[in-house]
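S.K.: So here's upload_33.cif, just mmCIF, C-alpha atoms:
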```cif
data_upload
#
loop_
_atom_site.label_atom_id
_atom_site.label_comp_id
_atom_site.auth_asym_id
_atom_site.auth_seq_id
_atom_site.Cartn_x
_atom_site.Cartn_y
_atom_site.Cartn_z
CA MET T 5 104.72 40.29 79.20
CA THR T 6 102.06 37.86 77.97
CA ARG T 7 103.54 35.11 80.09
CA ARG T 8 103.53 37.39 83.14
CA ILE T 9 99.86 38.28 82.60
CA ALA T 10 99.03 34.61 82.12
CA ARG T 11 100.80 33.80 85.36
CA LEU T 12 98.92 36.58 87.20
CA PHE T 13 95.45 35.61 85.99
CA GLY T 14 95.93 31.91 85.35
CA ARG T 15 95.25 29.00 87.67
CA GLY T 16 96.88 29.75 90.99
CA GLY T 17 97.68 33.33 89.91
CA ASP T 18 97.50 36.19 92.40
CA LEU T 19 94.90 38.09 90.35
CA ASN T 20 92.77 35.10 89.44
CA PRO T 21 89.42 36.02 91.02
CA ARG T 22 89.11 32.49 92.36
CA ASN T 23 92.21 33.01 94.50
CA MET T 24 91.52 36.60 95.49
CA ARG T 25 90.62 37.24 99.11
CA LEU T 26 89.44 40.47 100.73
CA GLY T 27 92.92 41.99 101.07
CA ILE T 28 93.92 41.60 97.43
CA TRP T 29 90.54 42.93 96.30
CA ALA T 30 91.07 45.98 98.54
CA TRP T 31 94.57 46.43 97.08
CA LEU T 32 93.33 46.18 93.48
CA ILE T 33 90.29 48.43 93.96
CA GLN T 34 92.46 50.97 95.84
CA ARG T 35 94.73 51.23 92.78
CA ILE T 36 91.92 51.41 90.21
CA SER T 37 89.92 53.93 92.27
CA GLY T 38 93.11 55.97 92.73
CA ILE T 39 93.63 56.23 88.97
CA ALA T 40 89.94 57.13 88.51
CA LEU T 41 90.21 59.84 91.19
CA VAL T 42 93.28 61.44 89.57
CA LEU T 43 91.33 61.71 86.29
CA PHE T 44 88.37 63.12 88.22
CA VAL T 45 90.46 65.69 90.13
CA VAL T 46 92.09 66.96 86.94
CA ALA T 47 88.67 67.17 85.23
CA HIS T 48 87.19 68.85 88.33
CA VAL T 49 89.97 71.45 88.46
CA VAL T 50 89.73 72.17 84.74
CA ALA T 51 85.91 72.37 84.93
CA ILE T 52 85.99 74.92 87.77
CA SER T 53 88.70 76.83 85.93
CA GLN T 54 86.66 76.83 82.71
CA ALA T 55 83.54 77.94 84.60
CA ASN T 56 85.69 80.84 85.68
CA PHE T 57 85.98 81.87 82.03
CA VAL T 58 82.31 81.36 81.19
CA LEU T 59 80.56 82.63 84.33
CA LYS T 60 82.39 85.81 85.21
CA GLY T 61 82.26 87.10 88.76
CA PRO T 62 83.20 86.07 92.29
CA LEU T 63 83.76 82.34 92.75
CA ILE T 64 80.68 82.11 95.01
CA THR T 65 78.56 83.17 92.02
CA ILE T 66 80.42 80.71 89.82
CA LEU T 67 79.79 77.85 92.26
CA ASP T 68 76.11 78.84 92.41
CA GLY T 69 76.17 78.71 88.64
CA LEU T 70 77.61 75.19 88.75
CA ARG T 71 74.81 74.13 91.09
CA ASN T 72 72.32 75.61 88.66
CA PRO T 73 70.07 73.03 86.99
CA PHE T 74 71.46 74.35 83.71
CA TRP T 75 74.64 72.40 84.46
CA TYR T 76 72.92 69.47 86.05
CA VAL T 77 70.14 69.18 83.49
CA ASN T 78 72.48 66.62 82.06
CA ARG T 79 72.08 63.77 84.54
CA THR T 80 75.42 62.35 83.45
CA PHE T 81 77.12 64.97 85.65
CA LEU T 82 75.03 63.86 88.58
CA ALA T 83 75.82 60.20 87.90
CA ILE T 84 79.56 60.99 87.70
CA ASP T 85 79.38 62.97 90.96
CA LEU T 86 77.64 60.11 92.77
CA LEU T 87 80.09 57.58 91.36
CA MET T 88 83.01 59.77 92.46
CA LEU T 89 81.48 60.16 95.93
CA GLY T 90 81.42 56.38 96.32
CA ILE T 91 84.93 55.99 94.97
CA ILE T 92 86.26 58.76 97.24
CA ALA T 93 84.60 57.14 100.26
CA PHE T 94 86.10 53.73 99.49
CA HIS T 95 89.57 55.07 98.64
CA GLY T 96 89.63 57.29 101.74
CA MET T 97 88.39 54.67 104.19
CA ASN T 98 90.58 51.86 102.81
CA GLY T 99 93.44 54.37 102.82
CA ILE T 100 92.94 54.94 106.55
CA ARG T 101 93.24 51.16 107.06
CA ILE T 102 96.53 51.20 105.12
CA VAL T 103 97.89 54.08 107.21
CA LEU T 104 96.82 52.28 110.40
CA PHE T 105 98.56 49.13 109.14
CA ASP T 106 101.75 51.08 108.36
CA THR T 107 101.75 52.60 111.85
CA GLY T 108 101.34 49.15 113.40
CA ILE T 109 97.69 49.43 114.44
CA GLY T 110 95.37 46.58 113.55
CA VAL T 111 98.05 44.34 112.06
CA GLY T 112 96.85 40.77 112.07
CA LEU T 113 94.44 39.15 109.71
CA ARG T 114 91.32 39.27 111.85
CA SER T 115 91.55 42.86 113.03
CA HIS T 116 92.39 43.89 109.47
CA LYS T 117 89.06 42.58 108.25
CA VAL T 118 87.12 44.02 111.20
CA ILE T 119 88.73 47.45 110.70
CA PHE T 120 88.05 47.24 106.95
CA TRP T 121 84.33 46.64 107.41
CA ILE T 122 83.99 49.24 110.20
CA LEU T 123 85.62 51.85 107.94
CA ILE T 124 83.49 50.83 104.96
CA ALA T 125 80.38 51.27 107.13
CA ALA T 126 81.63 54.73 108.16
CA GLY T 127 82.19 55.57 104.49
CA VAL T 128 78.67 54.46 103.57
CA ILE T 129 77.18 56.58 106.37
CA ALA T 130 79.27 59.63 105.38
CA SER T 131 78.27 59.22 101.71
CA GLY T 132 74.63 58.91 102.76
CA LEU T 133 74.87 62.18 104.68
CA VAL T 134 76.46 63.96 101.72
CA ILE T 135 73.75 62.63 99.39
CA TYR T 136 70.94 63.46 101.85
CA TYR T 137 72.10 67.05 102.39
CA GLY T 138 73.86 67.64 99.10
CA LEU T 139 71.60 66.10 96.50
CA PRO T 140 68.88 68.77 96.56
CA LEU T 141 71.60 71.38 95.94
CA LEU T 142 72.90 69.40 92.98
CA GLY T 143 69.50 69.63 91.37
CA GLY T 144 69.10 65.89 91.59
CA SER T 145 65.71 65.94 93.27
CA MET P 19 125.17 54.23 112.52
CA SER P 20 123.06 55.04 109.54
CA ALA P 21 122.13 58.46 110.88
CA SER P 22 124.76 60.13 108.72
CA ARG P 23 123.16 58.72 105.57
CA SER P 24 120.40 60.86 104.17
CA THR P 25 116.89 59.46 103.94
CA PRO P 26 116.20 58.09 100.44
CA THR P 27 113.68 60.01 98.33
CA ASN P 28 111.38 56.98 98.18
CA VAL P 29 111.02 56.94 101.96
CA TRP P 30 110.11 60.62 101.99
CA LEU P 31 107.58 60.05 99.21
CA TRP P 32 106.10 57.10 101.13
CA LEU P 33 105.81 59.24 104.27
CA PHE P 34 104.31 62.23 102.42
CA GLN P 35 101.82 59.89 100.71
CA ARG P 36 100.60 58.76 104.17
CA VAL P 37 100.53 62.28 105.64
CA THR P 38 98.68 63.74 102.65
CA ALA P 39 96.26 60.78 102.75
CA VAL P 40 95.16 61.59 106.29
CA LEU P 41 95.02 65.33 105.60
CA LEU P 42 92.98 64.73 102.42
CA VAL P 43 90.34 62.68 104.26
CA VAL P 44 89.89 65.51 106.76
CA ILE P 45 90.08 68.44 104.33
CA LEU P 46 87.89 66.70 101.71
CA GLY P 47 85.26 66.36 104.42
CA VAL P 48 85.48 70.10 105.07
CA HIS P 49 85.45 70.73 101.30
CA LEU P 50 82.21 68.76 100.84
CA TRP P 51 80.72 70.48 103.88
CA LEU P 52 81.55 73.93 102.52
CA ALA P 53 80.23 72.98 99.07
CA ASN P 54 76.86 72.22 100.67
CA PHE P 55 76.55 74.62 103.62
CA GLY P 56 79.04 77.23 102.45
CA GLN P 57 78.60 80.28 104.66
CA SER P 58 82.31 80.47 105.42
CA SER P 59 84.55 83.42 104.71
CA VAL P 60 86.14 83.82 101.33
CA SER P 61 89.67 83.76 102.76
CA LEU P 62 89.06 80.40 104.49
CA ARG P 63 87.78 78.93 101.23
CA ALA P 64 90.78 80.31 99.35
CA ILE P 65 93.29 78.87 101.83
CA LEU P 66 91.51 75.48 101.93
CA GLY P 67 91.24 75.47 98.14
CA VAL P 68 94.95 76.03 97.61
CA ILE P 69 95.89 73.47 100.29
CA LEU P 70 93.47 70.91 98.84
CA LEU P 71 94.75 71.52 95.33
CA GLY P 72 98.35 70.93 96.35
CA LEU P 73 97.59 67.89 98.52
CA ALA P 74 95.34 66.23 95.92
CA LEU P 75 97.78 66.78 93.07
CA PHE P 76 100.76 65.45 95.04
CA HIS P 77 98.88 62.45 96.45
CA GLY P 78 97.22 61.58 93.16
CA LEU P 79 100.23 61.90 90.89
CA ASN P 80 102.59 60.23 93.37
CA GLY P 81 100.06 57.41 93.60
CA VAL P 82 100.04 57.05 89.81
CA ARG P 83 103.85 57.00 89.95
CA THR P 84 103.75 54.14 92.45
CA VAL P 85 101.32 52.16 90.30
CA ILE P 86 103.38 52.68 87.12
CA PHE P 87 106.67 51.85 88.89
CA ASP P 88 105.16 48.51 89.98
CA PHE P 89 105.15 47.44 86.32
CA ASN P 90 108.98 47.18 86.22
CA ILE P 91 109.55 49.81 83.54
CA GLY P 92 113.31 50.23 83.94
CA ALA P 93 115.41 53.23 84.97
CA GLN P 94 114.71 55.21 81.81
CA GLY P 95 110.97 54.58 82.07
CA ARG P 96 110.99 55.67 85.71
CA LYS P 97 112.73 58.92 84.86
CA PHE P 98 110.33 59.58 81.97
CA THR P 99 107.31 58.81 84.23
CA THR P 100 108.52 61.13 86.98
CA MET P 101 109.17 63.98 84.57
CA GLY P 102 105.82 63.50 82.80
CA LEU P 103 103.88 63.45 86.06
CA LEU P 104 105.74 66.52 87.36
CA LEU P 105 104.81 68.36 84.16
CA LEU P 106 101.16 67.27 84.44
CA GLY P 107 101.17 68.38 88.08
CA ALA P 108 102.60 71.80 87.24
CA VAL P 109 100.03 72.39 84.49
CA SER P 110 97.16 71.20 86.71
CA LEU P 111 98.40 73.45 89.51
CA LEU P 112 98.26 76.46 87.19
CA PHE P 113 94.75 75.49 86.03
CA GLY P 114 93.67 75.10 89.65
CA LEU P 115 95.16 78.41 90.75
CA HIS P 116 93.41 80.04 87.81
CA GLY P 117 90.12 78.52 88.93
CA LEU P 118 90.67 79.66 92.51
CA TRP P 119 91.88 83.11 91.48
CA PRO P 120 88.59 84.98 92.21
CA LEU P 121 88.75 83.56 95.76
CA ILE P 122 92.44 84.28 96.21
CA VAL P 123 92.08 87.94 95.23
CA GLY P 124 88.98 88.09 97.46
CA GLY P 125 86.07 88.26 95.04
#
```
Could you spell out this file's structure in structure tokens?

M.R.:
Amino acid sequence: MTRRIARLFGRGGDLNPRNMRLGIWAWLIQRISGIALVLFVVAHVVAISQANFVLKGPLITILDGLRNPFWYVNRTFLAIDLLMLGIIAFHGMNGIRIVLFDTGIGVGLRSHKVIFWILIAAGVIASGLVIYYGLPLLGGS
Amino acid sequence: MSASRSTPTNVWLWLFQRVTAVLLVVILGVHLWLANFGQSSVSLRAILGVILLGLALFHGLNGVRTVIFDFNIGAQGRKFTTMGLLLLGAVSLLFGLHGLWPLIVGG
């Protein structure tokens, strides 16, 4: 185990940052962001479910309650939401590149990189729109 | 001809992972839209909620399975991982359905 880790991160290792190119970074971040998103989804589901206990009534009322500054008075929630938005955008856009690759579109080193950066730009724009329209509702402004 | 041989489970899981990925990108977009400009009908939200719950849980937990399997954990470890993740998925599904219940019954 230790020897395997040493080989991975050591000189000439695949996960030694000095050897890592765009593709391996994308692979690594895709995995880490995936794990983070699973934790977030489970927390998100449990939070909505718990809100169901606390704030009785139709779910529309409950969601309004979640948007209430009472919940977002703690800016940590807002920070987590923004972090998750960024992670979702990256994971989703890089995921599209992987699906394209698997279906034989954009194979080849150059087009891979071009597609990657186009999709990242699309993700940044989409996140910007969500923040621009969504942030006031989250009580962040 | 290999047509008579059934498709291995791993291939199905790989395919479902790709299909759910594309669906999640689209439906998550709708989900974020509804969360911000939600004037849609309750039934649409309920249906989307249940679909999103199922897709996200499958895609997420199957992804975790892939990551864990890449660590060469042996046959026993793989079985344990699969069972554990299935259990976590079932519990999360119940939590999620509980959270969506007011929508499902048409609150």

S.K.: Pull out every residue of chain P that has at least one atom within 10 Å of chain T, counting only C-alpha atoms, and report them as a ChimeraX atom specification.

M.R.: /P:33,35-37,39-40,42-44,46-47,50-51,53-56,60,63-64,71,74-75,77-79,81-82,84-85,106-107,109-125

S.K.: Which residue is closest to Thr99 in chain P? Choose from P:Leu62, P:Val68, P:Ile86, P:Leu73 and count only C-alpha atoms.

M.R.: P:Ile86

S.K.: Take every atom of range 19-29 of chain T listed in the file, fit an axis-aligned box around them, add 4 Å per side, and give the centre and edge lengths in Å to one decimal as lines of an AutoDock Vina configuration file.

M.R.:
```
center_x = 92.0
center_y = 37.7
center_z = 95.3
size_x = 13.8
size_y = 18.4
size_z = 19.6
```

S.K.: Using all atoms listed in the file, which residue out of P:Gly72, P:Arg83, P:Leu31, P:Leu66 lies closest to Phe98 in chain P?

M.R.: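 Result for the nearest residue to Phe98 in chain P: P:Arg83.
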
S.K.: Can you work out the spacing between CA of Phe81 in chain T and CA of His49 in chain P in Å, to one decimal?

M.R.: 18.6 Å

S.K.: Enter the distance from CA of Ile33 in chain T to CA of Leu52 in chain P, in Å, rounded to one decimal.

M.R.: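 Interatomic distance here is 28.3 Å.
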
S.K.: Distance CA of Leu26 in chain T-CA of Leu113 in chain T, one decimal place?

M.R.: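 Straight-line distance from CA of Leu26 in chain T to CA of Leu113 in chain T works out to 10.4 Å.
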
S.K.: Leaving out His116 in chain T and any residue of its chain fewer than 2 positions from it, which residues lie within 12 Å of it when counting only C-alpha atoms, given as a ChimeraX atom specification?

M.R.: /T:26-27,30,98,100-106,108-114,118-123

S.K.: Taking all atoms listed in the file into account, which of P:Phe87, P:Gly95, P:Pro26, P:Phe76 comes nearest Ala108 in chain P?

M.R.: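 The shortest atom-to-atom distance to Ala108 in chain P comes from P:Phe76.
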